[in-house]
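I have placed the structure first, in the form of structure tokens, so that the comments after it can refer back to it.
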Amino acid sequence: MSQEDMDNQNRISNFKFQISKILPWVLAIFLVIPASVSCQRSKAGITVAGSTSVEPFAELLAEEYMSRHPESHIYVQGGGSTAGIEAAISRAAAIGMSSRNLLGDEKKLFAVTIAKDAIAVIVHPSSPLEDLPLDKIREIFSGKITNWKELGGSDHSIDIVTREEGSGTRESFQKFVMGKEDISLGALVQDSNGAVRQVISSDPNAIGYISLGLVNDRVKALRISGVQPNLTNVNNGRYTLVRPFLFVFSGEPAGEAKSFLEFVLSPPAQKLLLKEGLVPVVEKLG
Amino acid sequence: MQLKEKIVEKSLLLIAFSSIFILALITFFIFEEGIPLILKVGPKLFLLGEKWIPSKGLFGIFPMIVSSFWVTFGSLLLGIPLGLACTIFLSELIPPSLGTLFRPAIQLLAAIPSVIYGFWGLVVLVPLIRNHLGGPGLSILAGSLVLSFMILPTIITISEDALKALPPSYKAGALALGATHWQTIWRVLIPAARSGIVASVILGMGRAIGETMAMIMILGNAVKMPTSFLDSARTLTTNIGIEMGYASGDHRQALFATGIILFFIIMALNTLAIFLSRRRAR
């Protein structure tokens with residue numbers, strides 16, 4: 001046997017030795033994970049499912065609720081508004097989450113607005129633009145206006161930034177601003193409010209839209225036909241790019257679902273939502 | 001001891017099989033989810049359609065196939081000369097003391113998570129391109145540049161192996177015949193290691209076509225046919241990555257169908273690379 005073969009032999013037996021040390025642990029992990037998951041499932045609780053725009057806020061609320069009621073468990077799942085409403089109808093989920101208004105037959109369901117979310121049209125802080133009427137915004141996003149000089153700005157092409165297909169924010173923007181027009185296929189697409197804000201904050205020629213709560217000083221929110229997007233104008237109805245965040249029930253809420261809803265509408269929970277950038281539905285936050 | 005060996009061997013066999021089983025499972029699911037949508041839309045309209053508007057039931061991925069190849073070939077344009085130059089330097093010209101510094105450095109390039117490349121591209125390259133060349137900056141050019149760095153480790157390591165695998169007599173013979181060192185490298189060693197080098201490029205291509213995270217961050221993801229390197233674009237991988245969060249129904253299936261196309265492209269590239277490196281071995 002050559003030296004090299006010996007080396008290989010040594011290495012292999014060494015390897016085998018190490019594997020035999022690790023293997024029981026690996027197997028143990030495989031056995032323990034499913035067991036612990038099924039343990040968790042067996043704990044009684046309710047499911048809240050639907051809009052991915054509402055999901056992060058619902059998770060926050062659920063966490064807070066569970067820390068106050070350690071005996072109960074709330075499972076929060078995504079899937080989209082439509083899926084959430086369907087889950088509420090079929091009672092697959094105790095509560096459906098929706099970031100759009102109910103349509104047609106869905107109106108028969110018991111729906112509660114837990115908060116409102118405004119959509120702000122944003123540009124780079126250095127932009128001379130302050131105010132745009134809705135129809136100009138539509139013409140920009142549909143690709144009819146392609147240069148800032150058509151709006152009194154400098155001679156630069158406009159970089160439109162939109163959200164990806166299927167996003168609730170995009171759906172609302174489509175409904176409130178675009179109507180039947182399509183958003184230009186040449187538009188840049190980002191997959192979160194934060195990513196849209198990042199692009200706008202670094203590109204002086206860009207325009208986009210995000211949740212009002214996420215507007216900060218790195219971007220500038222435009223007035224729409226003279227109305228500044230802020231909490232006051234959302235509450236008095238002057239700013240119209242507002243969508244409701246709904247909890248949907250198949251009937252009068254009861255039990256755990258009712259108690260969770262009551263918590264969500266209580267001042268401390270609403271304060272939490274306000275801090276996260278949503279518009280609360282309860283007047284007095286204590 | 002004998003029994004223990006047996007147990008360990010069988011367990012390893014089981015684990016090895018389970019990894020293949022997982023591959024088969026993934027393949028099965030991609031096809032099971034994707035094929036119905038392709039049949040529903042029509043293979044021709046799916047592959048060659050130029051409009052991707054899922055909310056209107058339009059699922060054409062042709063712009064993404066084209067963009068994937070634009071971005072990939074752009075990265076090869078810079079990656080191949082750079083990679084080859086590095087390979088030659090590393091295997092033939094480097095002083096031994098520098099070798100201990102260079103090789104780990106290049107391997108480190110492969111260890112950097114792609115999100116870091118993406119972030120760097122977004123913060124450094126994108127504004128540079130926007131300010132000096134125009135356009136939104138989020139562009140094929142930015143994507144190609146970042147990808148060319150990302151594929152360097154693949155190209156360098158594999159083609160250096162190909163050069164190392166050559167019989168020493170090639171070099172000795174060429175030098176003995178009076179060729180200079182550079183003539184030996186360029187006329188003898190590189191041509192002799194050609195198939196290995198081509199294989200390394202093809203594997204690099206596979207890496208480039210499959211890259212997702214960095215590309216989502218710097219390509220801008222517009223769904224249109226690219227007309228210049230300064231245009232924003234969406235590749236096959238980023239289409240899946242960016243839309244999977246909200247997709248349901250046909251839309252979700254269309255993303256799996258995009259995966260099928262990607263699957264075939266990657267399979268073709270890897271088969272080609274394996275074929276080429278086998279030829280080298282013979």
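Ordered as shown in the structure tokens, chains take letters A, B, and onward, while each chain numbers its residues from 1 and ligands are numbered from 1 in the order shown.
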
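For chain B, the residues no farther than 8 Å from chain A when using only C-alpha atoms are Val8, Ile53, Pro54, Ser55, Pro127, Gly135, Pro136, Ile216, Gly220, Asn221, Ala222, Val223, Lys224, Ser232, Ile242, Glu243, Tyr246, Ala247 and Ser248 of chain B.
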
Please give the complete set of residues from segment 114-162 of chain A that DSSP, run on the backbone, assigns to strand (DSSP E), formatted as an mmCIF file with C-alpha atoms, in the first residue's frame.
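Once written, out-v9.cif looks like this:
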data_model
loop_
_atom_site.group_PDB
_atom_site.id
_atom_site.type_symbol
_atom_site.label_atom_id
_atom_site.label_comp_id
_atom_site.auth_asym_id
_atom_site.auth_seq_id
_atom_site.Cartn_x
_atom_site.Cartn_y
_atom_site.Cartn_z
ATOM 1 C CA ILE A 114 -59.185 47.929 12.506
ATOM 2 C CA ALA A 115 -57.071 50.733 11.000
ATOM 3 C CA LYS A 116 -56.605 52.738 7.836
ATOM 4 C CA ASP A 117 -53.549 52.968 5.636
ATOM 5 C CA ALA A 118 -52.929 55.918 3.336
ATOM 6 C CA ILE A 119 -50.819 55.625 0.196
ATOM 7 C CA ALA A 120 -48.451 58.524 -0.464
ATOM 8 C CA VAL A 121 -46.957 59.414 -3.841
ATOM 9 C CA ILE A 122 -43.282 60.145 -3.228
ATOM 10 C CA VAL A 123 -40.380 61.771 -5.060
ATOM 11 C CA ASP A 131 -48.165 69.057 -5.805
ATOM 12 C CA LEU A 132 -49.703 66.970 -8.579
ATOM 13 C CA ASP A 159 -38.117 56.806 -13.547
ATOM 14 C CA ILE A 160 -41.410 55.255 -12.475
ATOM 15 C CA VAL A 161 -41.171 52.888 -9.523
ATOM 16 C CA THR A 162 -44.052 50.527 -8.815
#

Nearest to Val227 of chain A, chosen from A:Gly194, A:Pro253, A:Gly153, A:Pro133, with only C-alpha atoms counted in the distances: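 Under the stated criterion, the closest residue is A:Pro133.
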
Long-range neighbours of Arg68 of chain A as a ChimeraX atom specification, 12 Å cut-off, only C-alpha atoms, 3 positions minimum in chain: /A:61-65,71-73,259-260,263,269
